[in-house]
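Listing of my_file_37.txt; format and content: compact mmCIF, C-alpha atoms.
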# COMPACT_ATOMS: atom_id res chain seq x y z
CA MET A 1 26.02 20.32 -43.56
CA ASP A 2 27.73 22.95 -45.72
CA VAL A 3 27.55 25.41 -42.81
CA VAL A 4 29.34 22.99 -40.50
CA LEU A 5 31.97 22.21 -43.11
CA ASP A 6 32.63 25.91 -43.78
CA LEU A 7 33.22 26.58 -40.07
CA LEU A 8 35.46 23.55 -39.65
CA ASP A 9 37.44 24.43 -42.80
CA GLU A 10 38.07 27.92 -41.49
CA TYR A 11 39.15 27.01 -37.98
CA VAL A 12 40.37 23.40 -38.14
CA LEU A 13 40.44 21.52 -41.43
CA ASP A 14 42.52 23.96 -43.51
CA ASP A 15 45.42 23.44 -41.12
CA VAL A 16 44.82 19.69 -40.88
CA TYR A 17 44.81 19.17 -44.65
CA ALA A 18 47.81 21.47 -45.07
CA LYS A 19 49.76 19.20 -42.73
CA LEU A 20 48.44 15.90 -44.05
CA PHE A 21 48.48 16.76 -47.76
CA PRO A 22 50.85 19.76 -48.19
CA ARG A 23 51.50 21.22 -51.62
CA SER A 24 55.22 20.87 -51.04
CA HIS A 25 54.87 17.09 -51.39
CA LEU A 26 53.40 17.22 -54.87
CA SER A 27 56.78 17.22 -56.57
CA SER A 28 58.06 14.18 -54.68
CA PRO A 29 59.35 11.26 -56.77
CA THR A 30 57.31 8.16 -57.34
CA PRO A 31 57.61 6.00 -54.22
CA SER A 32 59.51 2.76 -54.35
CA ILE A 33 59.52 -0.21 -52.01
CA ILE A 34 62.70 1.13 -50.39
CA ASN A 35 61.62 4.78 -50.19
CA LEU A 36 57.98 4.62 -49.10
CA THR A 37 57.40 7.65 -46.88
CA TRP A 38 54.36 9.78 -46.16
CA GLN A 39 55.76 12.48 -48.44
CA THR A 40 56.12 10.21 -51.42
CA LEU A 41 52.77 8.59 -50.66
CA VAL A 42 51.02 11.98 -50.63
CA SER A 43 52.56 12.80 -53.99
CA THR A 44 50.67 9.89 -55.56
CA LEU A 45 47.27 10.63 -54.01
CA PRO A 46 44.45 12.14 -56.09
CA ARG A 47 44.38 15.94 -56.00
CA SER A 48 42.49 18.89 -57.43
CA ILE A 49 43.43 19.43 -61.08
CA THR A 50 43.64 23.18 -60.46
CA GLN A 51 46.38 22.76 -57.86
CA ILE A 52 49.44 22.05 -59.97
CA ASP A 53 52.12 24.36 -58.66
CA SER A 54 52.53 27.39 -56.46
CA THR A 55 51.85 29.78 -59.37
CA THR A 56 48.84 29.04 -61.55
CA SER A 57 47.90 31.31 -64.47
CA PHE A 58 44.41 31.94 -65.77
CA ALA A 59 44.28 34.21 -68.89
CA ASN A 60 46.18 37.34 -67.86
CA THR A 61 45.87 36.69 -64.13
CA THR A 62 48.43 34.83 -62.05
CA LEU A 63 47.34 33.31 -58.77
CA HIS A 64 50.02 32.79 -56.16
CA VAL A 65 49.19 29.85 -53.92
CA PRO A 66 51.04 29.66 -50.60
CA PRO A 67 53.48 26.73 -50.66
CA ASP A 68 52.35 25.68 -47.18
CA SER A 69 48.70 25.27 -48.25
CA SER A 70 47.07 21.92 -48.92
CA ALA A 71 47.14 20.00 -52.18
CA TRP A 72 43.45 19.39 -51.46
CA PRO A 73 41.61 22.78 -51.55
CA ARG A 74 38.21 23.25 -49.96
CA ASP A 75 36.25 22.69 -53.17
CA TYR A 76 38.07 19.45 -54.05
CA ILE A 77 35.51 16.64 -54.03
CA GLY A 78 37.93 14.14 -52.47
CA ARG A 79 38.48 16.43 -49.50
CA GLN A 80 34.77 17.13 -49.17
CA ILE A 81 33.91 13.41 -49.11
CA LEU A 82 36.58 12.65 -46.51
CA SER A 83 35.53 15.64 -44.39
CA LEU A 84 31.86 14.68 -44.55
CA ILE A 85 32.58 11.10 -43.52
CA VAL A 86 34.55 12.26 -40.48
CA VAL A 87 32.21 15.10 -39.50
CA THR A 88 28.95 13.16 -39.84
CA THR A 89 30.37 10.13 -38.03
CA ILE A 90 31.55 12.20 -35.08
CA GLY A 91 28.41 14.34 -35.14
CA ILE A 92 25.86 11.52 -35.01
CA HIS A 93 27.73 9.75 -32.21
CA LEU A 94 27.95 12.93 -30.13
CA LEU A 95 24.29 13.79 -30.67
CA TYR A 96 23.12 10.23 -30.01
CA PHE A 97 25.00 9.67 -26.78
CA LEU A 98 24.46 13.20 -25.46
CA VAL A 99 20.74 13.62 -26.18
CA ALA A 100 19.72 9.98 -25.71
CA GLY A 101 21.85 9.79 -22.57
CA LEU A 102 20.22 12.87 -21.05
CA SER A 103 16.75 11.65 -22.03
CA TYR A 104 17.45 8.22 -20.57
CA LYS A 105 18.69 9.69 -17.29
CA PHE A 106 16.17 12.48 -16.73
CA ILE A 107 13.01 11.64 -18.75
CA PHE A 108 12.79 7.89 -19.30
CA ASN A 109 10.90 6.11 -16.52
CA HIS A 110 13.27 3.39 -15.35
CA GLU A 111 10.33 1.46 -13.94
CA MET A 112 9.69 0.46 -17.55
CA MET A 113 12.72 -1.80 -17.36
CA ARG A 114 10.64 -4.11 -15.14
CA HIS A 115 8.06 -4.54 -17.90
CA PRO A 116 7.70 -8.20 -19.03
CA ARG A 117 8.37 -7.14 -22.62
CA PHE A 118 11.59 -5.32 -21.78
CA LEU A 119 14.43 -7.53 -23.03
CA PRO A 120 17.42 -8.63 -20.97
CA ASN A 121 20.33 -6.19 -21.43
CA GLN A 122 18.10 -4.19 -23.76
CA VAL A 123 19.83 -0.83 -23.34
CA LYS A 124 23.18 -2.36 -24.31
CA LYS A 125 21.57 -4.09 -27.29
CA GLU A 126 19.94 -0.85 -28.45
CA ILE A 127 23.28 0.97 -28.31
CA VAL A 128 25.11 -1.81 -30.14
CA ALA A 129 22.41 -1.91 -32.84
CA SER A 130 22.69 1.87 -33.28
CA LEU A 131 26.48 1.76 -33.55
CA TRP A 132 26.23 -0.94 -36.20
CA SER A 133 23.62 1.10 -38.08
CA PHE A 134 25.48 4.42 -38.21
CA PRO A 135 28.19 3.57 -40.80
CA GLY A 136 25.79 2.08 -43.35
CA MET A 137 23.20 4.78 -42.83
CA LEU A 138 25.74 7.60 -43.21
CA ALA A 139 27.22 5.96 -46.32
CA LEU A 140 23.77 5.94 -47.95
CA MET A 141 23.20 9.59 -46.99
CA LEU A 142 26.64 10.75 -48.16
CA PRO A 143 25.56 11.65 -51.73
CA PHE A 144 22.88 13.95 -50.31
CA PHE A 145 25.29 15.63 -47.89
CA LEU A 146 27.75 16.06 -50.76
CA SER A 147 25.09 17.60 -53.00
CA GLU A 148 24.34 20.14 -50.27
CA VAL A 149 28.00 21.06 -49.90
CA ARG A 150 28.56 21.35 -53.67
CA GLY A 151 25.54 23.58 -54.21
CA TYR A 152 23.20 21.22 -56.04
CA THR A 153 20.24 21.90 -53.72
CA LYS A 154 18.09 24.98 -53.12
CA LEU A 155 19.86 25.91 -49.91
CA TYR A 156 20.60 29.62 -49.77
CA ASP A 157 22.60 31.88 -47.48
CA ASN A 158 21.19 35.41 -47.60
CA VAL A 159 17.77 35.77 -45.98
CA ASP A 160 16.98 38.67 -48.33
CA GLU A 161 16.87 36.27 -51.29
CA TYR A 162 13.39 35.08 -50.26
CA GLY A 163 12.56 37.42 -47.39
CA TRP A 164 11.81 36.95 -43.72
CA ALA A 165 8.22 35.88 -44.34
CA TYR A 166 9.34 32.88 -46.39
CA LEU A 167 12.04 32.06 -43.83
CA PHE A 168 9.40 31.58 -41.12
CA LEU A 169 6.89 29.91 -43.44
CA SER A 170 9.52 27.40 -44.56
CA ILE A 171 9.54 25.92 -41.04
CA PRO A 172 5.94 24.58 -41.04
CA LEU A 173 6.36 23.76 -44.74
CA PHE A 174 9.38 21.60 -43.92
CA LEU A 175 7.66 19.89 -40.98
CA LEU A 176 4.40 19.19 -42.84
CA PHE A 177 6.12 17.96 -46.01
CA THR A 178 8.54 15.66 -44.22
CA ASP A 179 5.91 14.38 -41.77
CA TYR A 180 3.55 13.36 -44.57
CA CYS A 181 6.36 11.69 -46.54
CA VAL A 182 7.72 9.89 -43.47
CA TYR A 183 4.19 8.68 -42.69
CA TRP A 184 3.93 6.85 -46.02
CA ILE A 185 7.50 5.56 -45.97
CA HIS A 186 6.99 4.27 -42.43
CA ARG A 187 3.69 2.68 -43.39
CA TRP A 188 5.23 1.01 -46.45
CA LEU A 189 7.97 -0.33 -44.21
CA HIS A 190 5.21 -2.29 -42.47
CA ILE A 191 4.29 -4.17 -45.63
CA PRO A 192 5.12 -7.75 -44.57
CA ALA A 193 7.72 -8.47 -47.28
CA ILE A 194 9.57 -5.21 -46.50
CA TYR A 195 8.96 -5.33 -42.77
CA LYS A 196 10.63 -8.70 -42.24
CA ARG A 197 13.81 -7.65 -44.02
CA ILE A 198 14.21 -4.00 -43.05
CA HIS A 199 11.91 -2.60 -40.34
CA LYS A 200 11.60 -5.60 -38.03
CA PRO A 201 14.90 -4.96 -36.17
CA HIS A 202 13.49 -1.65 -34.87
CA HIS A 203 10.34 -3.32 -33.55
CA LYS A 204 12.43 -5.67 -31.50
CA TRP A 205 12.21 -2.93 -28.86
CA ILE A 206 8.57 -3.23 -27.77
CA ILE A 207 9.26 -1.07 -24.71
CA PRO A 208 11.91 1.24 -26.17
CA THR A 209 14.32 3.52 -24.39
CA PRO A 210 15.74 6.70 -25.96
CA PHE A 211 18.71 4.61 -27.13
CA ALA A 212 16.35 2.71 -29.45
CA SER A 213 15.76 5.87 -31.51
CA HIS A 214 18.51 4.99 -33.99
CA ALA A 215 18.59 1.22 -33.42
CA PHE A 216 17.35 0.07 -36.81
CA HIS A 217 18.49 -1.37 -40.12
CA PRO A 218 20.64 1.16 -42.06
CA VAL A 219 18.24 1.06 -45.03
CA ASP A 220 15.36 1.77 -42.64
CA GLY A 221 17.10 4.86 -41.28
CA PHE A 222 18.06 6.00 -44.77
CA ALA A 223 14.54 5.53 -46.14
CA GLN A 224 12.96 7.60 -43.37
CA SER A 225 15.58 10.34 -43.82
CA LEU A 226 14.89 10.76 -47.57
CA PRO A 227 12.15 13.40 -47.15
CA TYR A 228 14.51 15.75 -45.28
CA HIS A 229 17.06 15.67 -48.09
CA THR A 230 14.49 15.61 -50.90
CA PHE A 231 12.89 18.77 -49.51
CA LEU A 232 16.05 20.72 -50.39
CA PHE A 233 15.75 19.84 -54.08
CA ILE A 234 12.16 21.10 -54.22
CA PHE A 235 11.93 24.05 -51.83
CA PRO A 236 14.45 26.78 -50.97
CA MET A 237 15.68 26.75 -47.38
CA GLN A 238 18.16 28.93 -45.54
CA HIS A 239 21.40 27.08 -44.65
CA HIS A 240 21.43 27.73 -40.92
CA LEU A 241 17.73 27.04 -40.53
CA PHE A 242 18.07 23.65 -42.20
CA LEU A 243 20.93 22.71 -39.89
CA ILE A 244 18.80 23.62 -36.85
CA LEU A 245 15.84 21.62 -38.14
CA PHE A 246 18.01 18.63 -39.04
CA VAL A 247 19.35 18.51 -35.48
CA PHE A 248 15.79 18.93 -34.19
CA VAL A 249 14.63 15.96 -36.28
CA ASN A 250 17.19 13.70 -34.63
CA CYS A 251 16.38 15.02 -31.16
CA TRP A 252 12.65 14.49 -31.77
CA SER A 253 13.31 10.90 -32.85
CA ILE A 254 15.05 10.34 -29.53
CA PHE A 255 12.34 12.14 -27.56
CA ILE A 256 9.44 9.99 -28.85
CA HIS A 257 11.20 6.78 -27.84
CA ASP A 258 11.02 7.29 -24.08
CA SER A 259 7.97 4.96 -23.66
CA ASP A 260 6.08 7.80 -21.99
CA MET A 261 2.29 7.66 -21.78
CA ILE A 262 1.39 11.12 -20.56
CA THR A 263 -2.12 11.77 -21.84
CA GLY A 264 -4.73 14.51 -21.67
CA HIS A 265 -2.60 17.46 -22.81
CA PRO A 266 -4.16 20.06 -25.17
CA LEU A 267 -2.09 19.16 -28.24
CA GLU A 268 -2.53 15.40 -27.91
CA LYS A 269 -4.78 15.14 -30.99
CA ILE A 270 -2.42 17.26 -33.10
CA ILE A 271 1.15 16.39 -32.08
CA ASN A 272 2.46 12.85 -32.51
CA GLY A 273 4.35 12.62 -29.24
CA PRO A 274 5.95 9.90 -27.11
CA SER A 275 2.60 8.41 -26.07
CA HIS A 276 1.56 7.97 -29.72
CA HIS A 277 4.85 6.34 -30.66
CA THR A 278 4.74 4.12 -27.58
CA LEU A 279 1.45 2.74 -28.90
CA HIS A 280 3.09 2.19 -32.28
CA HIS A 281 5.78 0.01 -30.68
CA LEU A 282 3.17 -1.86 -28.65
CA TYR A 283 0.62 -2.47 -31.41
CA PHE A 284 2.64 -2.05 -34.65
CA VAL A 285 -0.23 -0.96 -36.93
CA CYS A 286 -1.00 2.56 -35.74
CA ASN A 287 0.53 6.05 -35.41
CA TYR A 288 3.08 6.00 -38.23
CA GLY A 289 3.54 9.79 -38.24
CA GLN A 290 6.61 11.67 -37.07
CA TYR A 291 5.42 15.03 -35.67
CA PHE A 292 1.70 15.32 -36.34
CA THR A 293 -1.39 13.10 -36.31
CA PHE A 294 -3.14 14.43 -39.43
CA ALA A 295 -1.66 11.81 -41.79
CA ASP A 296 -2.66 8.96 -39.47
CA ARG A 297 -6.15 10.39 -39.17
CA ALA A 298 -6.48 10.69 -42.95
CA GLY A 299 -5.00 7.22 -43.45
CA GLY A 300 -7.18 5.52 -40.86
CA SER A 301 -4.22 4.43 -38.71
CA TYR A 302 -4.62 6.85 -35.80
CA ARG A 303 -4.92 5.44 -32.28
CA GLN A 304 -5.70 7.82 -29.45
CA PRO A 305 -3.38 7.53 -26.42
CA ASP A 306 -5.24 6.61 -23.27
CA SER A 307 -4.10 6.16 -19.70
CA THR A 308 -5.60 2.65 -19.70
CA LEU A 309 -3.08 1.68 -22.39
CA ASP A 310 -0.07 2.78 -20.33
CA PRO A 311 2.46 -0.11 -20.35
CA LEU A 312 3.39 0.92 -16.82
CA LEU A 313 0.10 -0.63 -15.70
CA ASP A 314 1.41 -4.04 -16.74
CA ILE A 315 4.07 -3.64 -14.09
CA LYS A 316 1.82 -2.29 -11.34
CA ASN A 317 -0.82 -4.99 -11.85
CA LYS A 318 1.56 -7.86 -11.41
CA SER A 319 2.93 -9.21 -8.18
CA ALA A 320 6.64 -9.34 -7.55
CA GLU A 321 6.53 -13.10 -7.90
CA GLU A 322 4.86 -12.98 -11.31
CA THR A 323 7.29 -10.35 -12.51
CA GLU A 324 10.26 -12.44 -11.44
CA LYS A 325 8.89 -15.50 -13.21
CA GLU A 326 8.44 -13.55 -16.41
CA ARG A 327 11.95 -12.13 -16.18
CA GLN A 328 13.33 -15.66 -15.82
CA GLU A 329 11.28 -16.74 -18.81
CA LYS A 330 12.68 -13.84 -20.83
CA GLU A 331 16.21 -14.90 -20.00
CA ARG A 332 15.47 -18.31 -21.52
CA GLN A 333 13.75 -16.98 -24.57
CA GLY A 334 16.12 -14.08 -25.25
CA ASP A 335 15.38 -12.07 -28.33
CA ASP A 336 12.68 -14.52 -29.50
CA ILE A 337 10.19 -12.90 -27.12
CA ALA A 338 10.02 -9.89 -29.42
CA GLU A 339 9.09 -12.08 -32.35
CA ASP A 340 6.43 -13.92 -30.32
CA TRP A 341 4.83 -10.66 -29.25
CA GLU A 342 5.07 -9.35 -32.79
CA LYS A 343 3.19 -12.37 -34.18
CA LYS A 344 0.54 -11.98 -31.50
CA ILE A 345 -0.13 -8.35 -32.39
CA LEU A 346 0.14 -8.74 -36.16
CA GLY A 347 -2.33 -11.60 -35.95
CA LYS A 348 -4.96 -9.13 -34.72
CA GLY A 349 -4.50 -6.50 -37.39
CA LYS A 350 -3.57 -6.32 -41.02
CA VAL A 351 -0.15 -4.84 -41.65
CA GLU A 352 -0.18 -2.18 -44.31
Can the structure in the file be given as structure tokens, please?
Amino acid sequence: MDVVLDLLDEYVLDDVYAKLFPRSHLSSPTPSIINLTWQTLVSTLPRSITQIDSTTSFANTTLHVPPDSSAWPRDYIGRQILSLIVVTTIGIHLLYFLVAGLSYKFIFNHEMMRHPRFLPNQVKKEIVASLWSFPGMLALMLPFFLSEVRGYTKLYDNVDEYGWAYLFLSIPLFLLFTDYCVYWIHRWLHIPAIYKRIHKPHHKWIIPTPFASHAFHPVDGFAQSLPYHTFLFIFPMQHHLFLILFVFVNCWSIFIHDSDMITGHPLEKIINGPSHHTLHHLYFVCNYGQYFTFADRAGGSYRQPDSTLDPLLDIKNKSAEETEKERQEKERQGDDIAEDWEKKILGKGKVE
């Protein structure tokens, strides 16, 4: 996130903050009820303690600060917090609608919308749930983003610090570390007492679309994001590489929610793909991993995708009349159908 903020500061935010919080307003009088203007309001706002006047002296050195610069310099924590809130909010919305929208249009099989477990107006509900989740989730992640920007993590800039070999090795290290951590966090989220309060909203989407990728409780999203931020406090990682991987993580989360059941590919027993996660939404107690299957295999929760488990078969095996009856029944039951299906599945297997 520090890379994004540096670029935006250079080309956009320096000018924005200079106009919104100019240094020239610092000497304005205390605002009164009669004279409440933006200038006087800015003069009362918190500011960096090092930005007092246009000429600041340190020992025998005098720094001349341009009078048209901002009262909030780049390293001021108040500016960093405000910038991060704006940037992450815009960023997650753009990524969500762009990637999920493309996946929904070109990858997701729209025949799945005829499945008896596909809820009425589900796509709209998934989007609304995601939009409600974003503010709370980003607020919980803000301290981690701020720690990255302020240099409290092991992010580094120059590749020569650790060499090219470590740069490439840090990629599988990041994926394996975060996958194993997410596996256990996800599995713990299925403990009944936690599941009912936090993870259950995400399992409302038994036949998910790509828009369901971020449709969960804010604490759920935050909990499953912890390994990505924690990694930076333990292992060094190059700034730009982390940004690429962080975007990849979000894209992968969207990709595995397309309800696809393509089976028989060479990496099926290694990569936790859409077919594995489709089974997780259908049966709840299997395939908790994010990228790989090794943690599920070790934990005894792996379920092999099979063409006979394809939810598309539920559509093909039913007559048009039966499908219409089930759709009418769904309209009457509304969201309760998800809970009924959930009870049916959980009754067959112990939730861990």
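Atom pair atom CA of A:His277 / atom CA of A:Thr230: separated by 24.3 Å.
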Å distance separating atom CA of A:Ile127 from atom CA of A:Asp260, one decimal place: 19.6 Å
Leaving out stretch 211-222 of chain A and any residue of its chain fewer than 6 positions from it, which residues lie within 9 Å of it when counting all atoms listed in the file, given as an mmCIF file with C-alpha atoms, keeping the file's coordinate frame?
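selection27.cif, freshly written:
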data_model
loop_
_atom_site.group_PDB
_atom_site.id
_atom_site.type_symbol
_atom_site.label_atom_id
_atom_site.label_comp_id
_atom_site.auth_asym_id
_atom_site.auth_seq_id
_atom_site.Cartn_x
_atom_site.Cartn_y
_atom_site.Cartn_z
ATOM 1 C CA TYR A 96 23.120 10.230 -30.010
ATOM 2 C CA PHE A 97 25.000 9.670 -26.780
ATOM 3 C CA ALA A 100 19.720 9.980 -25.710
ATOM 4 C CA GLY A 101 21.850 9.790 -22.570
ATOM 5 C CA SER A 103 16.750 11.650 -22.030
ATOM 6 C CA TYR A 104 17.450 8.220 -20.570
ATOM 7 C CA VAL A 123 19.830 -0.830 -23.340
ATOM 8 C CA LYS A 124 23.180 -2.360 -24.310
ATOM 9 C CA LYS A 125 21.570 -4.090 -27.290
ATOM 10 C CA GLU A 126 19.940 -0.850 -28.450
ATOM 11 C CA ILE A 127 23.280 0.970 -28.310
ATOM 12 C CA VAL A 128 25.110 -1.810 -30.140
ATOM 13 C CA ALA A 129 22.410 -1.910 -32.840
ATOM 14 C CA SER A 130 22.690 1.870 -33.280
ATOM 15 C CA LEU A 131 26.480 1.760 -33.550
ATOM 16 C CA TRP A 132 26.230 -0.940 -36.200
ATOM 17 C CA SER A 133 23.620 1.100 -38.080
ATOM 18 C CA PHE A 134 25.480 4.420 -38.210
ATOM 19 C CA PRO A 135 28.190 3.570 -40.800
ATOM 20 C CA GLY A 136 25.790 2.080 -43.350
ATOM 21 C CA MET A 137 23.200 4.780 -42.830
ATOM 22 C CA LEU A 138 25.740 7.600 -43.210
ATOM 23 C CA LEU A 140 23.770 5.940 -47.950
ATOM 24 C CA MET A 141 23.200 9.590 -46.990
ATOM 25 C CA HIS A 186 6.990 4.270 -42.430
ATOM 26 C CA LEU A 189 7.970 -0.330 -44.210
ATOM 27 C CA ARG A 197 13.810 -7.650 -44.020
ATOM 28 C CA ILE A 198 14.210 -4.000 -43.050
ATOM 29 C CA HIS A 199 11.910 -2.600 -40.340
ATOM 30 C CA LYS A 200 11.600 -5.600 -38.030
ATOM 31 C CA PRO A 201 14.900 -4.960 -36.170
ATOM 32 C CA HIS A 202 13.490 -1.650 -34.870
ATOM 33 C CA HIS A 203 10.340 -3.320 -33.550
ATOM 34 C CA TRP A 205 12.210 -2.930 -28.860
ATOM 35 C CA ASN A 250 17.190 13.700 -34.630
ATOM 36 C CA SER A 253 13.310 10.900 -32.850
ATOM 37 C CA ILE A 254 15.050 10.340 -29.530
ATOM 38 C CA PHE A 255 12.340 12.140 -27.560
ATOM 39 C CA ILE A 256 9.440 9.990 -28.850
ATOM 40 C CA HIS A 257 11.200 6.780 -27.840
ATOM 41 C CA ASP A 258 11.020 7.290 -24.080
#
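Nearest to A:Val182 of all the residues A:Gln80, A:Ser225, A:Ser259, A:Gln238 is A:Ser225, based on all atoms listed in the file.
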Of the listed residues A:Ile185, A:Val3, A:Ala71, A:Thr178, that which approaches A:Asp15 most closely, counting all atoms listed in the file: A:Ala71
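Between atom CA of A:Val159 and atom CA of A:Phe177 the separation is 21.3 Å.
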Using only C-alpha atoms: which of A:Ala298, A:Ile85, A:Leu173, A:Leu94 has the shortest distance to A:Leu146: A:Ile85
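Using all atoms listed in the file, the protein and nucleic acid residues lying no more than 7 Å from A:Asp179, apart from those fewer than 3 places from it along its own chain, are Leu175, Leu176, Val182, Tyr183, Gly289, Gln290, Tyr291 and Phe292 of chain A.
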Test item: residues at most 10 Å from A:Asp314, all atoms listed in the file, excluding those fewer than 2 positions along its chain, as an MDAnalysis selection string: chainID A and resid 112 114:117 309:312 316:318 323
Mind writing the picked residues with C-alpha atoms as a PDB file, in the frame of the given file?
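This went into result-v2.pdb:
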ATOM      1  CA  MET A 112       9.690   0.460 -17.550  1.00  0.00           C
ATOM      2  CA  ARG A 114      10.640  -4.110 -15.140  1.00  0.00           C
ATOM      3  CA  HIS A 115       8.060  -4.540 -17.900  1.00  0.00           C
ATOM      4  CA  PRO A 116       7.700  -8.200 -19.030  1.00  0.00           C
ATOM      5  CA  ARG A 117       8.370  -7.140 -22.620  1.00  0.00           C
ATOM      6  CA  LEU A 309      -3.080   1.680 -22.390  1.00  0.00           C
ATOM      7  CA  ASP A 310      -0.070   2.780 -20.330  1.00  0.00           C
ATOM      8  CA  PRO A 311       2.460  -0.110 -20.350  1.00  0.00           C
ATOM      9  CA  LEU A 312       3.390   0.920 -16.820  1.00  0.00           C
ATOM     10  CA  LYS A 316       1.820  -2.290 -11.340  1.00  0.00           C
ATOM     11  CA  ASN A 317      -0.820  -4.990 -11.850  1.00  0.00           C
ATOM     12  CA  LYS A 318       1.560  -7.860 -11.410  1.00  0.00           C
ATOM     13  CA  THR A 323       7.290 -10.350 -12.510  1.00  0.00           C
TER      14      THR A 323
END
Selection: 10 Å around A:Gly264, all atoms listed in the file, excl. self and same-chain fewer than 5 positions, as a ChimeraX atom specification: /A:269,305-307
Nearest residue to A:Ile171 from the set A:Thr278, A:Cys251, A:Phe106, A:Met237 (distances using only C-alpha atoms): A:Met237
Selected residue, from A:Val285, A:Leu142, A:Val149, A:Ile206, that lies nearest to A:His190 when counting all atoms listed in the file: A:Val285
